[in-house]
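For reference, final-v5.tsv is printed below; it contains TSV, C-alpha atoms.
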chain	number	residue	atom	x	y	z
P	1	LEU	CA	0.00	0.00	0.00
P	2	THR	CA	1.05	3.60	-0.52
P	3	ALA	CA	1.91	6.37	1.93
P	4	ALA	CA	-1.46	7.92	1.12
P	5	LYS	CA	-3.23	4.61	1.77
P	6	PRO	CA	-1.21	2.78	4.44
P	7	THR	CA	-1.72	-0.75	5.69
P	8	ARG	CA	-4.17	-0.59	8.59
P	9	ARG	CA	-3.81	-2.95	11.53
P	10	LEU	CA	-5.83	-3.65	14.64
P	11	GLY	CA	-4.83	-5.16	17.97
P	12	TYR	CA	-6.60	-5.98	21.23
P	13	VAL	CA	-4.71	-6.67	24.46
P	14	PHE	CA	-6.88	-7.98	27.29
P	15	MET	CA	-6.13	-7.37	30.97
P	16	PRO	CA	-8.09	-9.68	33.31
P	17	MET	CA	-9.71	-9.16	36.70
P	18	GLY	CA	-9.77	-5.38	36.82
P	19	CYS	CA	-7.48	-3.08	38.78
P	20	ASP	CA	-7.34	-0.51	41.53
P	21	GLN	CA	-9.11	2.22	39.56
P	22	SER	CA	-7.63	4.97	41.75
P	23	ARG	CA	-4.19	3.94	40.47
P	24	TRP	CA	-5.32	3.58	36.85
P	25	THR	CA	-7.15	6.81	36.04
P	26	PRO	CA	-4.91	9.83	35.27
P	27	THR	CA	-5.46	12.76	37.63
P	28	ALA	CA	-5.25	15.65	35.13
P	29	THR	CA	-8.53	17.47	34.71
P	30	ASP	CA	-7.69	19.37	31.51
P	31	GLY	CA	-8.05	16.40	29.16
P	32	THR	CA	-4.33	15.88	28.68
P	33	LEU	CA	-2.05	13.01	29.72
P	34	SER	CA	0.28	15.41	31.48
P	35	THR	CA	0.55	12.97	34.38
P	36	LEU	CA	0.25	9.22	34.05
P	37	SER	CA	-1.22	7.10	36.82
P	38	PRO	CA	0.95	4.61	38.77
P	39	ILE	CA	-0.32	1.61	36.78
P	40	LEU	CA	0.31	3.36	33.47
P	41	GLU	CA	3.59	5.13	34.22
P	42	SER	CA	5.64	2.61	32.19
P	43	LEU	CA	3.80	3.96	29.13
P	44	ALA	CA	5.28	7.44	29.56
P	45	PRO	CA	7.60	7.17	26.51
P	46	HIS	CA	4.48	6.59	24.39
P	47	ARG	CA	2.33	9.31	25.94
P	48	ASP	CA	1.76	11.02	22.59
P	49	HIS	CA	0.40	7.75	21.20
P	50	LEU	CA	-2.06	7.14	24.06
P	51	THR	CA	-5.68	8.05	24.70
P	52	VAL	CA	-7.23	7.03	28.01
P	53	LEU	CA	-11.03	6.79	27.93
P	54	THR	CA	-13.21	6.99	31.00
P	55	ASN	CA	-16.82	6.04	31.80
P	56	MET	CA	-17.01	3.21	29.27
P	57	GLU	CA	-19.42	0.43	30.30
P	58	LEU	CA	-20.03	-3.20	29.36
P	59	ARG	CA	-23.64	-3.71	30.40
P	60	ASN	CA	-23.83	-7.25	29.06
P	61	ALA	CA	-20.92	-8.34	31.24
P	62	TYR	CA	-23.37	-8.51	34.14
P	63	PRO	CA	-24.17	-10.56	36.24
P	64	GLY	CA	-20.46	-9.96	36.70
P	65	SER	CA	-18.97	-13.41	36.47
P	66	HIS	CA	-15.47	-13.91	35.11
P	67	ALA	CA	-16.99	-15.87	32.24
P	68	THR	CA	-19.38	-13.10	31.19
P	69	SER	CA	-16.66	-10.49	31.63
P	70	ASN	CA	-14.14	-12.18	29.35
P	71	SER	CA	-16.74	-13.12	26.75
P	72	SER	CA	-18.30	-9.66	26.54
P	73	PHE	CA	-15.07	-7.70	26.05
P	74	LEU	CA	-15.06	-8.00	22.26
P	75	SER	CA	-18.63	-9.20	21.72
P	76	ALA	CA	-20.57	-6.84	24.02
P	77	ALA	CA	-23.06	-9.71	24.10
P	78	LYS	CA	-24.73	-11.55	26.95
P	79	ALA	CA	-23.41	-15.09	27.17
P	80	LYS	CA	-26.01	-17.85	27.20
P	81	HIS	CA	-26.06	-19.36	30.70
P	82	THR	CA	-25.08	-22.94	30.03
P	83	GLU	CA	-22.51	-25.48	31.19
P	84	SER	CA	-22.80	-27.54	28.03
P	85	ASN	CA	-21.82	-27.14	24.38
P	86	ASP	CA	-24.96	-25.23	23.44
P	87	TYR	CA	-23.11	-22.00	24.23
P	88	HIS	CA	-24.07	-18.85	22.34
P	89	LEU	CA	-22.52	-15.38	22.22
P	90	ALA	CA	-21.98	-13.10	19.16
P	91	THR	CA	-19.42	-12.43	16.47
P	92	THR	CA	-16.70	-10.34	18.09
P	93	ALA	CA	-15.39	-6.96	16.95
P	94	ASP	CA	-12.03	-8.35	15.92
P	95	GLN	CA	-13.65	-10.95	13.67
P	96	LEU	CA	-15.95	-8.41	12.07
P	97	ALA	CA	-12.80	-6.42	11.30
P	98	ALA	CA	-11.01	-9.51	9.98
P	99	GLN	CA	-13.87	-10.08	7.55
P	100	GLN	CA	-13.12	-6.67	6.00
P	101	ILE	CA	-9.35	-6.14	6.33
P	102	GLY	CA	-8.02	-9.65	6.89
P	103	GLN	CA	-9.08	-11.52	3.78
P	104	THR	CA	-6.00	-10.71	1.69
P	105	THR	CA	-3.43	-11.76	4.28
P	106	GLN	CA	-2.06	-15.22	5.09
P	107	LEU	CA	-3.99	-15.26	8.36
P	108	PRO	CA	-7.24	-13.27	8.60
P	109	SER	CA	-6.59	-12.95	12.35
P	110	LEU	CA	-4.34	-14.29	15.08
P	111	GLU	CA	-5.56	-15.26	18.56
P	112	LEU	CA	-2.88	-15.45	21.26
P	113	ALA	CA	-2.65	-15.78	25.04
P	114	MET	CA	-0.26	-16.51	27.88
P	115	ASP	CA	-1.99	-19.46	29.55
P	116	MET	CA	-1.15	-22.91	28.23
P	117	LEU	CA	-4.14	-24.64	29.78
P	118	GLN	CA	-7.67	-24.27	28.40
P	119	THR	CA	-10.09	-25.84	30.85
P	120	THR	CA	-13.33	-27.50	29.78
P	121	GLY	CA	-16.74	-28.03	31.31
P	122	GLN	CA	-18.15	-25.50	33.78
P	123	CYS	CA	-15.78	-22.80	35.01
P	124	ASP	CA	-17.68	-19.98	36.70
P	125	ASN	CA	-21.17	-19.76	38.16
P	126	GLY	CA	-22.64	-22.29	35.76
P	127	TYR	CA	-21.05	-20.88	32.62
P	128	ALA	CA	-19.15	-23.09	30.19
P	129	CYS	CA	-15.37	-22.63	30.26
P	130	VAL	CA	-15.42	-21.67	26.60
P	131	TYR	CA	-16.52	-18.18	27.64
P	132	GLN	CA	-13.39	-17.66	29.74
P	133	ASN	CA	-11.05	-19.33	27.31
P	134	ASN	CA	-11.84	-17.31	24.21
P	135	LEU	CA	-11.91	-13.61	23.43
P	136	SER	CA	-12.63	-14.10	19.72
P	137	TRP	CA	-15.75	-15.64	18.16
P	138	SER	CA	-16.17	-15.88	14.39
P	139	SER	CA	-19.89	-16.53	14.85
P	140	PRO	CA	-22.24	-16.74	17.85
P	141	THR	CA	-21.49	-20.47	18.12
P	142	THR	CA	-17.83	-20.55	16.98
P	143	PRO	CA	-15.19	-19.55	19.52
P	144	LEU	CA	-11.64	-19.27	18.18
P	145	PRO	CA	-9.12	-21.01	20.47
P	146	TYR	CA	-6.03	-19.04	21.35
P	147	GLU	CA	-2.45	-20.27	21.06
P	148	ALA	CA	0.15	-19.69	23.78
P	149	HIS	CA	2.99	-21.91	22.56
P	150	PRO	CA	5.68	-19.71	20.91
P	151	ARG	CA	6.92	-22.47	18.60
P	152	VAL	CA	3.42	-23.28	17.35
P	153	VAL	CA	2.78	-19.58	16.71
P	154	PHE	CA	6.10	-19.26	14.91
P	155	GLU	CA	5.27	-22.19	12.64
P	156	ARG	CA	1.81	-20.82	12.01
P	157	LEU	CA	3.41	-17.57	10.82
P	158	PHE	CA	6.41	-18.92	8.94
P	159	GLY	CA	5.96	-22.68	8.55
P	160	GLU	CA	3.90	-24.82	6.21
P	161	GLY	CA	0.72	-24.71	8.28
P	162	GLY	CA	-1.26	-27.81	9.09
P	163	SER	CA	-3.26	-28.55	12.19
P	164	VAL	CA	-2.10	-27.73	15.70
P	165	ALA	CA	-1.50	-31.44	16.30
P	166	GLU	CA	0.63	-31.70	13.17
P	167	ARG	CA	2.67	-28.66	14.14
P	168	ARG	CA	3.24	-29.97	17.64
P	169	ALA	CA	4.36	-33.34	16.23
P	170	ALA	CA	6.91	-31.53	14.09
P	171	LEU	CA	8.56	-29.59	16.93
P	172	ARG	CA	11.43	-32.03	17.47
P	173	LYS	CA	11.97	-32.78	13.79
P	174	ARG	CA	12.45	-29.35	12.31
P	175	ALA	CA	15.62	-27.32	12.12
P	176	SER	CA	15.40	-23.65	11.17
P	177	LEU	CA	12.24	-23.07	9.17
P	178	LEU	CA	13.95	-20.29	7.26
P	179	ASP	CA	16.55	-22.74	5.95
P	180	TRP	CA	13.70	-24.45	4.12
P	181	VAL	CA	12.94	-21.35	2.11
P	182	THR	CA	16.45	-19.93	1.59
P	183	GLU	CA	16.31	-20.48	-2.17
P	184	ASP	CA	12.94	-18.73	-2.50
P	185	ILE	CA	14.18	-15.79	-0.41
P	186	ALA	CA	17.33	-15.47	-2.51
P	187	SER	CA	15.19	-15.43	-5.67
P	188	LEU	CA	12.97	-12.74	-4.19
P	189	LYS	CA	15.91	-10.54	-3.18
P	190	ARG	CA	17.35	-10.65	-6.70
P	191	ARG	CA	14.19	-8.96	-7.93
P	192	LEU	CA	14.36	-6.14	-5.37
P	193	GLY	CA	16.26	-2.90	-5.27
P	194	PRO	CA	19.07	-2.35	-2.72
P	195	ALA	CA	16.85	-0.61	-0.16
P	196	ASP	CA	14.20	-3.34	-0.28
P	197	GLN	CA	16.88	-6.04	-0.15
P	198	ALA	CA	18.21	-4.48	3.04
P	199	LYS	CA	14.69	-4.34	4.50
P	200	VAL	CA	14.06	-8.02	3.74
P	201	SER	CA	17.43	-8.98	5.25
P	202	GLU	CA	16.69	-7.00	8.39
P	203	TYR	CA	13.27	-8.61	8.77
P	204	LEU	CA	14.67	-12.11	8.29
P	205	ASP	CA	17.44	-11.43	10.81
P	206	THR	CA	14.76	-10.53	13.33
P	207	VAL	CA	12.81	-13.68	12.51
P	208	ARG	CA	15.94	-15.79	13.01
P	209	GLU	CA	16.62	-14.11	16.35
P	210	VAL	CA	13.11	-14.89	17.58
P	211	GLU	CA	13.48	-18.48	16.46
P	212	ARG	CA	16.87	-18.69	18.19
P	213	ARG	CA	15.25	-17.60	21.44
P	214	ILE	CA	12.49	-20.18	21.01
P	215	GLN	CA	15.10	-22.88	20.46
P	216	LYS	CA	17.00	-21.73	23.54
P	217	ALA	CA	13.80	-21.88	25.58
P	218	GLU	CA	13.26	-25.43	24.36
P	219	SER	CA	16.81	-26.37	25.31
P	220	ASP	CA	16.56	-24.72	28.73
P	221	VAL	CA	13.28	-26.43	29.55
P	222	ALA	CA	14.70	-29.79	28.50
P	223	LYS	CA	17.70	-29.36	30.81
P	224	ASN	CA	15.99	-28.05	33.93
P	225	ASN	CA	14.77	-30.08	36.88
P	226	LEU	CA	11.12	-29.05	36.87
P	227	PRO	CA	8.54	-31.67	37.89
P	228	ALA	CA	7.48	-33.93	35.05
P	229	ASP	CA	3.80	-33.13	35.54
P	230	LEU	CA	4.23	-29.35	35.41
P	231	ASP	CA	2.01	-27.79	32.76
P	232	ARG	CA	4.87	-26.22	30.81
P	233	PRO	CA	5.20	-27.86	27.38
P	234	LEU	CA	8.50	-27.90	25.54
P	235	GLY	CA	9.54	-24.49	24.30
P	236	VAL	CA	7.68	-22.29	26.75
P	237	PRO	CA	10.07	-20.12	28.82
P	238	ALA	CA	10.03	-20.58	32.58
P	239	THR	CA	9.24	-16.94	33.40
P	240	TYR	CA	6.23	-14.89	32.42
P	241	THR	CA	8.55	-12.07	31.27
P	242	ASP	CA	10.45	-14.23	28.79
P	243	HIS	CA	7.31	-15.98	27.56
P	244	ALA	CA	5.53	-12.65	27.06
P	245	LYS	CA	8.49	-11.19	25.19
P	246	LEU	CA	8.41	-14.02	22.69
P	247	MET	CA	4.66	-13.74	22.23
P	248	LEU	CA	4.90	-9.96	21.76
P	249	ASP	CA	7.80	-10.24	19.31
P	250	LEU	CA	5.80	-12.72	17.26
P	251	GLN	CA	2.93	-10.25	17.10
P	252	VAL	CA	5.26	-7.54	15.85
P	253	LEU	CA	6.66	-9.87	13.17
P	254	ALA	CA	3.13	-10.83	12.11
P	255	PHE	CA	2.18	-7.18	11.64
P	256	GLN	CA	5.49	-6.14	10.12
P	257	GLY	CA	5.41	-8.96	7.58
P	258	ASP	CA	1.72	-8.32	6.82
P	259	ILE	CA	0.97	-11.95	7.71
P	260	THR	CA	-2.10	-10.73	9.55
P	261	ARG	CA	-3.71	-7.37	10.30
P	262	VAL	CA	-5.86	-8.36	13.29
P	263	ILE	CA	-4.47	-9.78	16.56
P	264	THR	CA	-6.01	-10.46	19.97
P	265	PHE	CA	-3.82	-11.19	22.99
P	266	GLN	CA	-4.98	-12.31	26.43
P	267	LEU	CA	-2.42	-11.40	29.13
P	268	ALA	CA	-4.04	-13.95	31.46
P	269	ARG	CA	-7.35	-15.77	31.77
P	270	GLU	CA	-10.02	-14.52	34.08
P	271	THR	CA	-9.63	-16.37	37.44
P	272	SER	CA	-5.95	-17.01	36.66
P	273	ASN	CA	-4.10	-18.17	39.76
P	274	ARG	CA	-0.70	-17.46	38.25
P	275	THR	CA	1.86	-16.09	40.69
P	276	TYR	CA	4.50	-13.51	39.79
P	277	PRO	CA	7.58	-14.19	41.92
P	278	GLU	CA	9.73	-12.26	39.43
P	279	ILE	CA	8.11	-9.04	40.66
P	280	GLY	CA	7.88	-10.11	44.30
P	281	VAL	CA	4.26	-11.34	44.21
P	282	PRO	CA	4.12	-14.98	45.37
P	283	ASP	CA	0.34	-14.94	45.91
P	284	PRO	CA	-2.11	-15.96	43.14
P	285	HIS	CA	-3.57	-13.22	40.96
P	286	HIS	CA	-7.27	-14.06	41.33
P	287	PRO	CA	-7.42	-14.03	45.16
P	288	LEU	CA	-5.47	-10.78	45.18
P	289	SER	CA	-8.07	-9.20	42.91
P	290	HIS	CA	-10.58	-9.89	45.71
P	291	HIS	CA	-8.47	-7.83	48.07
P	292	GLY	CA	-11.25	-6.72	50.41
P	293	ASN	CA	-9.53	-3.29	50.52
P	294	ASP	CA	-6.61	-4.80	52.42
P	295	PRO	CA	-3.70	-2.39	51.69
P	296	ALA	CA	-1.08	-5.13	51.33
P	297	LYS	CA	-3.22	-7.13	48.92
P	298	MET	CA	-4.11	-4.01	46.94
P	299	GLU	CA	-0.43	-3.16	46.62
P	300	ALA	CA	0.38	-6.66	45.33
P	301	PHE	CA	-2.60	-6.53	42.98
P	302	THR	CA	-1.37	-3.21	41.59
P	303	ARG	CA	2.10	-4.66	41.05
P	304	ILE	CA	0.55	-7.27	38.76
P	305	THR	CA	-1.53	-4.81	36.76
P	306	SER	CA	1.47	-2.48	36.48
P	307	PHE	CA	3.59	-5.42	35.34
P	308	HIS	CA	1.04	-6.20	32.64
P	309	SER	CA	1.13	-2.54	31.55
P	310	GLU	CA	4.91	-2.85	31.21
P	311	ARG	CA	4.41	-5.72	28.78
P	312	PHE	CA	2.05	-3.52	26.78
P	313	ALA	CA	4.65	-0.75	26.81
P	314	ALA	CA	7.15	-3.23	25.36
P	315	LEU	CA	4.74	-4.01	22.53
P	316	LEU	CA	4.31	-0.32	21.72
P	317	ARG	CA	8.07	0.20	21.83
P	318	ALA	CA	8.66	-2.65	19.39
P	319	LEU	CA	5.91	-1.52	17.01
P	320	ASP	CA	7.30	2.01	17.06
P	321	ALA	CA	10.80	0.72	16.26
P	322	CYS	CA	9.56	-0.98	13.05
P	323	LYS	CA	9.79	1.61	10.31
P	324	GLU	CA	7.80	1.74	7.07
P	325	GLY	CA	9.31	4.64	5.20
P	326	SER	CA	8.73	7.78	7.27
P	327	ARG	CA	6.25	6.00	9.53
P	328	SER	CA	6.36	3.25	12.10
P	329	VAL	CA	4.12	0.19	12.30
P	330	LEU	CA	2.63	1.76	15.43
P	331	ASP	CA	1.53	4.77	13.39
P	332	THR	CA	-0.69	2.54	11.26
P	333	THR	CA	-1.84	0.21	14.04
P	334	VAL	CA	-4.64	0.89	16.52
P	335	VAL	CA	-4.42	-1.14	19.73
P	336	LEU	CA	-7.11	-1.34	22.41
P	337	TYR	CA	-5.74	-2.17	25.87
P	338	GLY	CA	-7.88	-2.85	28.92
P	339	GLY	CA	-10.36	-5.18	30.53
P	340	ALA	CA	-14.02	-5.95	31.13
P	341	ILE	CA	-13.94	-5.64	34.93
P	342	THR	CA	-13.40	-2.31	36.66
P	343	ASP	CA	-12.79	-3.34	40.28
P	344	GLY	CA	-11.89	-7.01	40.68
P	345	ASN	CA	-13.04	-6.87	44.27
P	346	VAL	CA	-16.70	-6.28	43.33
P	347	HIS	CA	-16.90	-7.23	39.62
P	348	ASN	CA	-18.46	-4.05	38.30
P	349	HIS	CA	-18.36	-3.02	34.64
P	350	ALA	CA	-18.73	0.77	34.59
P	351	ASP	CA	-15.80	3.18	34.07
P	352	LEU	CA	-13.68	0.32	32.74
P	353	PRO	CA	-9.87	0.53	32.55
P	354	ILE	CA	-9.54	1.29	28.83
P	355	LEU	CA	-7.01	3.02	26.62
P	356	VAL	CA	-6.20	3.17	22.91
P	357	ALA	CA	-2.71	3.45	21.44
P	358	GLY	CA	-1.15	4.13	18.05
P	359	GLY	CA	-2.86	5.10	14.81
P	360	SER	CA	-1.36	8.57	14.36
P	361	ALA	CA	-1.23	8.03	10.57
P	362	LEU	CA	-4.89	7.01	10.66
P	363	GLY	CA	-6.11	10.19	12.31
P	364	LEU	CA	-5.93	9.10	15.95
P	365	LYS	CA	-4.71	11.86	18.23
P	366	GLY	CA	-2.91	10.83	21.43
P	367	GLY	CA	-1.78	12.48	24.65
P	368	ARG	CA	-5.34	12.81	25.90
P	369	VAL	CA	-7.92	11.68	28.42
P	370	ILE	CA	-11.42	11.56	26.95
P	371	ALA	CA	-14.14	11.68	29.59
P	372	HIS	CA	-17.38	10.29	28.24
P	373	ALA	CA	-20.81	10.60	29.75
P	374	ALA	CA	-21.42	8.05	32.48
P	375	ASP	CA	-22.15	4.52	31.26
P	376	THR	CA	-21.20	5.11	27.63
P	377	PRO	CA	-21.24	1.72	25.88
P	378	LEU	CA	-17.82	0.27	25.13
P	379	CYS	CA	-19.38	-0.64	21.78
P	380	ASN	CA	-19.12	3.02	20.80
P	381	LEU	CA	-15.36	2.70	21.13
P	382	HIS	CA	-15.30	-0.55	19.17
P	383	ARG	CA	-17.05	1.26	16.35
P	384	GLY	CA	-14.69	4.23	16.58
P	385	ILE	CA	-11.62	2.01	16.44
P	386	ALA	CA	-13.03	0.04	13.52
P	387	GLU	CA	-13.63	3.26	11.62
P	388	LYS	CA	-9.97	4.26	12.02
P	389	VAL	CA	-8.78	1.07	10.37
P	390	GLY	CA	-11.28	1.27	7.53
P	391	VAL	CA	-13.88	-1.14	8.92
P	392	LYS	CA	-17.51	-0.12	8.72
P	393	LEU	CA	-19.77	-1.18	11.58
P	394	ASP	CA	-23.19	0.41	11.14
P	395	ALA	CA	-24.23	-1.06	14.48
P	396	PHE	CA	-22.58	-3.21	17.10
P	397	GLY	CA	-23.93	-4.57	20.36
P	398	ASP	CA	-25.59	-1.88	22.43
P	399	SER	CA	-23.79	1.01	20.76
P	400	THR	CA	-25.44	4.41	20.73
P	401	GLY	CA	-22.97	6.01	18.35
P	402	THR	CA	-19.30	6.09	17.36
P	403	ALA	CA	-16.63	7.26	19.80
P	404	GLU	CA	-14.57	10.16	18.45
P	405	LEU	CA	-10.82	9.53	18.49
P	406	ALA	CA	-9.55	12.23	16.10

Can the structure from this file be put into structure tokens for me?
Amino acid sequence: LTAAKPTRRLGYVFMPMGCDQSRWTPTATDGTLSTLSPILESLAPHRDHLTVLTNMELRNAYPGSHATSNSSFLSAAKAKHTESNDYHLATTADQLAAQQIGQTTQLPSLELAMDMLQTTGQCDNGYACVYQNNLSWSSPTTPLPYEAHPRVVFERLFGEGGSVAERRAALRKRASLLDWVTEDIASLKRRLGPADQAKVSEYLDTVREVERRIQKAESDVAKNNLPADLDRPLGVPATYTDHAKLMLDLQVLAFQGDITRVITFQLARETSNRTYPEIGVPDPHHPLSHHGNDPAKMEAFTRITSFHSERFAALLRALDACKEGSRSVLDTTVVLYGGAITDGNVHNHADLPILVAGGSALGLKGGRVIAHAADTPLCNLHRGIAEKVGVKLDAFGDSTGTAELA
């Protein structure tokens, strides 16, 4: 695409179980991001690319279960109350976008997460686990499973495809995937000018570096003394930080290589009991979200949400570092970051923690706090974001209009 008509990309990064809203919402009253809140302070280098939105509501997330919260984030729909496989939701915003901007790419969309285990059956207050497992639904009855295994994602992006089972079976058999296509790459480069040759070489060097780190993770896991029954399949780094870095780098490569233009990423499942010893939080995430206003628990809870924001900052930094002529990939990418629960202690869904990043080349103006009227549907924002990436949604969920982001 040309400078006048750039490639448009869309990302969604989901933060589970809410936050301490007093440490999320910026304090400035003049509509600017002059001061970032404690949870968002790691995003300071990207202040001019950020818009924090207040008073957004997800009405159909009630009755406030973790299942209905996760499932409503991109659907804005009320999940059918069932423990069985007759579940029903709605086509999600990302999939509606993929139908319009994802049909010319290798993958119409990419669904990623950090949790290796997808539970089945009933998970929360009589709701099927499918509602907690999946952010993306391609139809009201078709959830799209996420992938959290870096090697499987890598092979989906750069390998020969096949089913998940086939890719997993190939893990131990394959050497560098790029070695398989060296001849094709050499032929391509001969047809390019010097500048484009250098760009292809730089991109492939980055791909090789990501694969090298995946291979190292596989080697490290094979050599360590972790219990045999630990749910950590081959190739998944031991720490959340290292795992997240690989998953974020793969997203950047997918956008940069125009392999896909729509990505969803779940930082953790609702009700996740993951601990974060690397940031000094040995207690499980979910119980900490029900802190009962205990100061020590609230502090630990905020460490986790701040840590997740740091991962988002790393994504923005990497997207901004990828240049496309005079622009960066971040300039042509709109990313929604936030969650479907406001306060994890009470499971409310008004004044959600929500921000939008990127998109400066698409008319999105950053460095602001936009205060909406109380209980403005989050669907309005979904429609506003879609509009920025060239997706037309005449109506969506309980929307009452289109949120202005210019």

Surrounding residues of P:Val369 excluding itself and chain neighbours under 4 positions, 8 Å, all atoms listed in the file, as JSON, numbers by chain: {"P": [26, 31, 32, 33, 51, 52, 53, 54]}

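Proximity of P:Glu299, P:Asp249, P:Glu310, P:Asp124 to P:Thr68, computed with all atoms listed in the file, is greatest for P:Asp124.
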
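Separating atom CA of P:Asp20 from atom CA of P:His291 is a distance of 9.9 Å.
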
Among listed residues P:Ile279, P:Ala340, P:Ala97, P:Val391, nearest P:Ala67 (using only C-alpha atoms):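 Going through P:Ile279, P:Ala340, P:Ala97, P:Val391 one by one, the smallest distance to P:Ala67 is for P:Ala340.
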
Nearest residue to P:Asp48 from the set P:Thr260, P:Asn85, P:Ser34, P:Ser65 (distances using only C-alpha atoms): P:Ser34

Save stretch 28-41 of chain P of the structure in the block above to a file, with N, CA and C atoms included, as a PDB file, in the first residue's frame.
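Here's the written file decode39.pdb:
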ATOM      1  N   ALA P  28      -5.086  14.348  35.799  1.00  0.00           N
ATOM      2  CA  ALA P  28      -5.247  15.646  35.133  1.00  0.00           C
ATOM      3  C   ALA P  28      -6.701  15.896  34.789  1.00  0.00           C
ATOM      4  N   THR P  29      -7.129  17.107  34.966  1.00  0.00           N
ATOM      5  CA  THR P  29      -8.529  17.470  34.711  1.00  0.00           C
ATOM      6  C   THR P  29      -8.704  18.296  33.433  1.00  0.00           C
ATOM      7  N   ASP P  30      -7.606  18.527  32.703  1.00  0.00           N
ATOM      8  CA  ASP P  30      -7.685  19.369  31.507  1.00  0.00           C
ATOM      9  C   ASP P  30      -7.741  18.553  30.217  1.00  0.00           C
ATOM     10  N   GLY P  31      -7.929  17.235  30.344  1.00  0.00           N
ATOM     11  CA  GLY P  31      -8.051  16.397  29.156  1.00  0.00           C
ATOM     12  C   GLY P  31      -6.741  15.959  28.549  1.00  0.00           C
ATOM     13  N   THR P  32      -5.632  16.282  29.202  1.00  0.00           N
ATOM     14  CA  THR P  32      -4.333  15.876  28.679  1.00  0.00           C
ATOM     15  C   THR P  32      -3.731  14.766  29.550  1.00  0.00           C
ATOM     16  N   LEU P  33      -2.780  14.031  28.969  1.00  0.00           N
ATOM     17  CA  LEU P  33      -2.049  13.011  29.720  1.00  0.00           C
ATOM     18  C   LEU P  33      -0.768  13.603  30.290  1.00  0.00           C
ATOM     19  N   SER P  34      -0.902  14.744  30.917  1.00  0.00           N
ATOM     20  CA  SER P  34       0.279  15.406  31.477  1.00  0.00           C
ATOM     21  C   SER P  34       0.900  14.582  32.593  1.00  0.00           C
ATOM     22  N   THR P  35       0.063  13.845  33.309  1.00  0.00           N
ATOM     23  CA  THR P  35       0.545  12.972  34.381  1.00  0.00           C
ATOM     24  C   THR P  35      -0.090  11.598  34.217  1.00  0.00           C
ATOM     25  N   LEU P  36       0.757  10.583  34.155  1.00  0.00           N
ATOM     26  CA  LEU P  36       0.246   9.221  34.047  1.00  0.00           C
ATOM     27  C   LEU P  36       0.045   8.625  35.433  1.00  0.00           C
ATOM     28  N   SER P  37      -0.921   7.756  35.552  1.00  0.00           N
ATOM     29  CA  SER P  37      -1.217   7.103  36.824  1.00  0.00           C
ATOM     30  C   SER P  37      -0.146   6.070  37.148  1.00  0.00           C
ATOM     31  N   PRO P  38      -0.073   5.599  38.402  1.00  0.00           N
ATOM     32  CA  PRO P  38       0.949   4.612  38.771  1.00  0.00           C
ATOM     33  C   PRO P  38       0.919   3.354  37.905  1.00  0.00           C
ATOM     34  N   ILE P  39      -0.253   2.836  37.582  1.00  0.00           N
ATOM     35  CA  ILE P  39      -0.322   1.612  36.783  1.00  0.00           C
ATOM     36  C   ILE P  39       0.154   1.849  35.360  1.00  0.00           C
ATOM     37  N   LEU P  40      -0.011   3.057  34.863  1.00  0.00           N
ATOM     38  CA  LEU P  40       0.315   3.357  33.470  1.00  0.00           C
ATOM     39  C   LEU P  40       1.642   4.069  33.281  1.00  0.00           C
ATOM     40  N   GLU P  41       2.400   4.302  34.345  1.00  0.00           N
ATOM     41  CA  GLU P  41       3.594   5.134  34.221  1.00  0.00           C
ATOM     42  C   GLU P  41       4.652   4.536  33.296  1.00  0.00           C
TER      43      GLU P  41
END
